[in-house]
Structure formats: C-alpha cells, structure tokens
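Asks: Next up is a structure, given as structure tokens.
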Amino acid sequence: MIGEYQALLVYLVVALLVALSMSFASERLGPRAPGGLKRETYESGIVPEAPVRYFSVRFYRVAMLFMIFDVAVMALYPWATSLRDLGRSGFWHALPFLAVVAVTFGYLWKRGGFQWH
Amino acid sequence: MIAFVILIVKVLLLIAILMGGFAYTMLLERRLLGFFQLRLGPNRVGPGGLLQPIADAIKMMLKEDLMPASADPVVYRLAPVISAFAALAVDAVIPFGAPIHVFGLTVDLDIANPSIGLLIAFAFSSLGVYGIVLGGWASQNKYSLLGGIRATAQIISYELAMGLSAMGVLMLAHTANLEQIVLAQRREGWFWLPQIVPLLVFFITMIAETNRTPFDLPEAESELVAGYHTEYSGMRFALYYVAEYINLITVSGLWVTLFFGGWLGPGFLPPILWFFIKVGIVVFLFIWIRATLPRFRYDKLMSFGWKVLLPVSFLYLLGTAAFVSGVL
C-alpha cells in the first residue's frame with residue numbers, strides 16, 4: 001500500500017519534471033540568432049538607463065502586515081477543525097486570542113496601516 | 001506493485017488532463033471573449049479553431065529563447081518552472097470524483113488524500129507567487145519588477161481573506177480533508193447556503209489570486225507593458241500561461257469542492273462528470289467577468305482586500321464559530 005504523502009511526492013516529482021522539460025524545450029528546439037538589440041530589456045523603446053534595484057517601501061509594509069495576520073490565521077486552522085468537539089468552552093477560550101487579533105487589526109486601521117497613500 | 005501502477009497512471013492522466021484543460025480553457029476564453037466583443041476569435045486552425053492550442057504550442061516551442069543580458073540567468077530560468085510546478089501541485093489533493101471500482105479494484109480519484117488536504121492546497125498555491133516575483137526581479141526590467149512586486153502584495157493580501165473564508169467550511173465539515181468535506185456535504189447539505197458570505201469572499205479572492213481581470217494589476221498592459229513576463233519568450237512565456245490557466249481550473253475546483261458539494265450530484269450522471277460540469281460553469285463565470293469588468297485602481301485594490309474582505313470574513317467566521325460550538 002502506498003501512503004498518501006508518498007503518492008503526493010511521486011506526483012510532485014513528475015510535475016516538476018514536466019515543468020522543467022517544458023521550460024528548456026524552446027532553449028533546445030528554438031533557433032539561435034544572436035545579435036542586434038535582442039538582449040536589451042524592453043522598456044517601451046526607451047533605452048534603459050540603470051539596473052532596477054528599488055521600489056516603493058509600501059510593499060514591505062504589506063508584507064509585514066501579512067506576516068502578522070497570516071500566522072494568526074494559521075494558528076486558527078486546528079481550532080476550526082476541532083471546534084465541534086471542543087464545544088462552548090472551545091469558543092470562549094479562543095475568544096481572547098481573536099480579540100487580540102481584532103484589536104491589532106483595528107489599531108493598524110486607525111493608524112493608517114492600510115492606507116496606500 | 002499494482003497500487004504503484006495505478007498511481008503512475010493516475011499521475012500521468014491528471015497531468016494530461018490539466019495540460020489539455022489549460023489548452024482548451026485558453027481557446028474557450030479566446031473564443032468567448034471574441035463573442036462577447038462581437039468578433040469571431042480564433043477559428044482558422046482546424047474545425048472551429050479546435051486545433052489552435054496545438055498550433056500555439058508548436059509555435060512557442062520553436063521560438064527563439066531570449067534572455068536579457070542583465071538578467072540573472074539561474075533565477076530567470078527557474079522562475080516560470082516554479083509557477084507552473086506550484087499550479088500543477090495543488091491539484092494532487094482535489095478529489096475529482098467518487099472512488100470507482102474497476103476489475104475488482106477500488107481507485108480513488110485523487111492522487112493523495114491527506115488529512116490536511118486543504119492546507120496543502122493553500123501551501124502550494126501560495127508557492128506560485130515566488131515564480132512571479134522572481135521572474136519579475138530576474139528580468140531586470142522596471143516594468144517586470146513592478147509587476148512582480150505588485151503581484152506579491154496583491155496575492156498575499158488576498159490570501160488572508162481566502163484562508164479566513166475557507167475556515168467556516170472546516171468548522172462545519174469538522175475536517176480539513178477535502179474528500180471528507182465532500183462527504184460531509186452529502187450528509188448535511190451543500191455548504192453554499194450556510195456559508196454564503198465566505199463563498200463570495202472566496203470567489204473574489206480567487207480572481208485576485210489568479211491575477212485576472214478586474215484584479216490583473218500585475219500585468220496591466222496599459223501601465224506595465226506585460227508585467228512580470230515582459231522579458232520572457234518562447235516556452236518560458238507559455239509556462240506562465242500554463243500556470244495562470246491551471247490555477248484558474250484549480251481554484252474553481254477548490255471552490256466547487258468547498259461550497260458546492262464537489263463531485264456530488266443527481267445520480268443520472270457519474271460523479272466525475274458532475275465535478276467537471278461545475279468547474280466548467282465557474283470557468284465560464286471567470287471569463288464572463290473578464291469580458292465585463294474594467295480593471296481596479298491599485299490603491300482601491302489594496303484597501304478593498306484589507307478593509308472590506310478581511311473584516312467581513314473575520315466577522316462571519318466568528319458567527320460560524322458561535323453557531324458550530326453551540327454558543328448561539
């Protein structure tokens with residue numbers, strides 16, 4: 001008998017091989033005619049001036065907010081799955097945790113954490 | 001031994017179905033968009049354009065593969081593979097139909113059925129964002145980088161609401177195993193009615209996760225040329241499309257499994273057919289929305305995700321929790 005995770009592993013390996021072979025197909029099969037401006041980056045016809053290294057710091061903020069709440073959401077999955085067994089006490093015991101998350105969320109909202117400007 | 005043969009057959013079949021599904025979903029989308037916009041769409045290759053995807057695939061494979069001189073070669077080559085791999089991987093845990101009996105053997109119509117199936121599906125679907133952001137970064141193109149970063153911010157923002165809105169189903173079904181979720185819906189009725197708000201939230205986040213109109217900011221062609229795949233050509237470019245369309249089929253399958261009973265349906269059609277009919281309807285809905293709605297503005301997109309979808313799904317989750325635990 002094959003376990004669930006062994007079957008998953010077999011599938012993942014096959015999927016990876018399929019993706020890899022497709023990725024290298026055009027490198028092998030396609031024509032190669034180097035030269036011209038082919039290897040310049042395309043920026044709407046304007047000659048690219050400098051390599052790109054920087055972008056708006058607002059994206060870092062989004063990533064950090066995501067980290068905070070995603071961990072909270074992940075922690076709730078086992079609780080959600082077994083809530084029917086836990087019954088009333090399960091609900092009341094989780095409420096302080098949910099309240100902390102909600103207060104954090106409200107605070108961030110009030111401080112403009114979700115404002116894009 | 002026989003179990004291993006069955007597994008290999010299932011793996012190859014699933015990948016073939018997904019690749020075929022990708023090719024023909026793309027054709028369906030192009031033809032339907034054509035009809036929505038009062039034109040014909042691709043109809044020249046084969047009867048009614050049916051061979052168009054094959055012609056596209058051959059063309060893509062025989063194109064010259066270009067890489068910008070300033071690009072990071074390893075990451076540039078790896079990024080589309082990550083995207084396509086993550087898209088393919090999610091489908092391993094989705095149950096396509098009831099177990100079937102052939103030649104005295106019972107065959108489950110999924111690759112694996114782990115007890116944390118839904119979590120595995122979410123885990124792999126969030127891996128896809130690496131392909132997009134790394135592809136955007138490795139191209140060393142301003143537009144690609146912006147597209148990749150935008151995609152990351154958008155996908156992680158909407159992933160929270162997606163996770164929260166699926167949790168109500170876990171409470172009702174009492175399990176995270178997708179097969180068991182379907183069976184629970186046979187006992188207790190489909191979850192679309194008790195979970196009507198999470199269903200809508202999940203649908204909106206599905207569109208955002210697959211970067212489709214009206215949430216296609218990462219590849220907004222009027223601002224970013226083509227977003228994260230501007231510099232890609234040939235089969236690597238096609239791999240991003242493989243990822244996008246397989247993701248579309250996958251999230252539709254996930255939505256159907258969570259809220260609309262998966263492969264359940266009246267007995268006159270086999271379960272697997274019911275599953276594909278339901279997924280087909282959701283895919284049509286996606287295309288219809290793409291043809292109908294204009295693109296969001298970026299700041300609206302972010303505030304909609306954080307200030308509307310997240311609180312709404314959180315409050316509904318709280319209500320579901322109170323109901324399931326017997327407090328109400």
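Chain labels run A, B, ... following the order of the structure tokens; each chain numbers its residues from 1, and ligands are numbered from 1 in the order shown.
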Find the residues of chain A that sit at most 7 Å from chain B; for each, write down the nearest two atoms and how far apart they are in Å, to one decimal. Count only C-alpha atoms. Sort by chain, then by number going up, and give it as a Markdown table.

Replies:
| residue | atom | partner | partner_atom | distance |
| --- | --- | --- | --- | --- |
| A:Met1 | CA | B:Ala3 | CA | 6.6 |
| A:Ile2 | CA | B:Ala3 | CA | 7.0 |
| A:Glu4 | CA | B:Ala112 | CA | 4.9 |
| A:Tyr5 | CA | B:Ala112 | CA | 6.8 |
| A:Ala7 | CA | B:Ala112 | CA | 5.8 |
| A:Leu8 | CA | B:Ala112 | CA | 5.5 |
| A:Tyr11 | CA | B:Val11 | CA | 5.8 |
| A:Leu12 | CA | B:Ala89 | CA | 6.1 |
| A:Ala15 | CA | B:Phe85 | CA | 6.0 |
| A:Leu16 | CA | B:Phe85 | CA | 5.5 |
| A:Ala19 | CA | B:Val81 | CA | 5.4 |
| A:Leu20 | CA | B:Val81 | CA | 5.9 |
| A:Met22 | CA | B:Met235 | CA | 6.5 |
| A:Ser23 | CA | B:Arg236 | CA | 5.2 |
| A:Ala25 | CA | B:Met61 | CA | 6.2 |
| A:Ser26 | CA | B:Met61 | CA | 4.7 |
| A:Glu27 | CA | B:Asp65 | CA | 5.5 |
| A:Leu29 | CA | B:Leu62 | CA | 5.7 |
| A:Gly30 | CA | B:Leu62 | CA | 4.3 |
| A:Pro31 | CA | B:Glu64 | CA | 5.1 |
| A:Arg32 | CA | B:Glu64 | CA | 6.0 |
| A:Arg39 | CA | B:Pro68 | CA | 4.3 |
| A:Glu40 | CA | B:Pro68 | CA | 5.5 |
| A:Thr41 | CA | B:Pro68 | CA | 5.6 |
| A:Tyr42 | CA | B:Glu231 | CA | 6.9 |
| A:Pro51 | CA | B:Gln140 | CA | 6.3 |
| A:Val52 | CA | B:Lys142 | CA | 5.9 |
| A:Phe59 | CA | B:Ala153 | CA | 6.3 |
| A:Val62 | CA | B:Ala153 | CA | 6.3 |
| A:Ala63 | CA | B:Ala153 | CA | 6.7 |
| A:Phe66 | CA | B:Ser157 | CA | 6.5 |
| A:Asp70 | CA | B:Leu160 | CA | 6.2 |
| A:Val73 | CA | B:Leu164 | CA | 6.8 |
| A:Tyr77 | CA | B:Met167 | CA | 6.9 |
| A:Ala80 | CA | B:Met171 | CA | 5.0 |
| A:Thr81 | CA | B:His174 | CA | 5.0 |
| A:Ser82 | CA | B:His174 | CA | 6.2 |
| A:Leu83 | CA | B:Ser325 | CA | 6.1 |
| A:Arg84 | CA | B:Ser325 | CA | 5.5 |
| A:Gly87 | CA | B:Ser325 | CA | 4.3 |
| A:Arg88 | CA | B:Ser325 | CA | 5.1 |
| A:Phe91 | CA | B:Ser325 | CA | 6.3 |
| A:Phe114 | CA | B:Ser303 | CA | 6.3 |
| A:Gln115 | CA | B:Ser303 | CA | 6.8 |
| A:Trp116 | CA | B:Asp299 | CA | 5.4 |

Asks: Would you mind listing what lies within 9 Å of Ser126 in chain B as a ChimeraX atom specification, with only C-alpha atoms counted and same-chain residues fewer than 3 positions away left out?

Replies: /B:86,121-123,129-130,155-156,159,209

Asks: Output C-alpha atoms of each residue in that selection to a file, as a compact mmCIF listing (two decimals), in the first residue's frame.

Replies:
# COMPACT_ATOMS: atom_id res chain seq x y z
CA ALA B 86 3.05 25.13 -7.98
CA ALA B 121 -3.63 23.08 -1.41
CA PHE B 122 -3.16 26.56 0.12
CA ALA B 123 0.54 25.94 0.71
CA VAL B 129 3.92 33.82 -6.10
CA TYR B 130 7.65 33.04 -5.95
CA ILE B 155 -1.66 37.82 -3.68
CA ILE B 156 -0.53 37.87 -0.05
CA GLU B 159 -4.61 35.15 0.66
CA GLU B 209 -5.04 35.08 -6.67

Asks: At what distance in Å, to one decimal, does CA of Met162 in chain B lie from CA of Ser313 in chain B?

Replies: 8.6 Å

Asks: Need the shell around Gly113 in chain A: protein/DNA/RNA residues with any atom at most 10 Å away, counting only C-alpha atoms. Skip same-chain ones fewer than 3 positions apart. Format as a VMD selection string?

Replies: (chain A and resid 58 61 to 62 65 105 to 110 116 to 117) or (chain B and resid 306)

Asks: What parts of range 22-264 of chain B does DSSP call alpha helix (DSSP H)? I'd like the answer as JSON, numbers by chain.

Replies: {"B": [22, 23, 24, 25, 26, 27, 28, 29, 30, 31, 32, 33, 34, 35, 36, 52, 53, 54, 55, 56, 57, 58, 59, 60, 61, 73, 74, 75, 76, 77, 78, 79, 80, 81, 82, 83, 84, 85, 86, 87, 88, 89, 90, 117, 118, 119, 120, 121, 122, 123, 124, 125, 126, 127, 128, 129, 130, 131, 132, 133, 134, 135, 136, 137, 138, 142, 143, 144, 145, 146, 147, 148, 149, 150, 151, 152, 153, 154, 155, 156, 157, 158, 159, 160, 161, 162, 163, 164, 165, 166, 167, 168, 169, 170, 171, 172, 173, 178, 179, 180, 181, 182, 183, 184, 185, 186, 187, 188, 196, 197, 198, 199, 200, 201, 202, 203, 204, 205, 206, 207, 208, 209, 221, 222, 223, 224, 234, 235, 236, 237, 238, 239, 240, 241, 242, 243, 244, 245, 246, 247, 248, 249, 250, 251, 252, 253, 254, 255, 256, 257, 258, 259]}

Asks: In Å, how far is it from CA of Arg186 in chain B to CA of Gly117 in chain B?

Replies: 18.5 Å
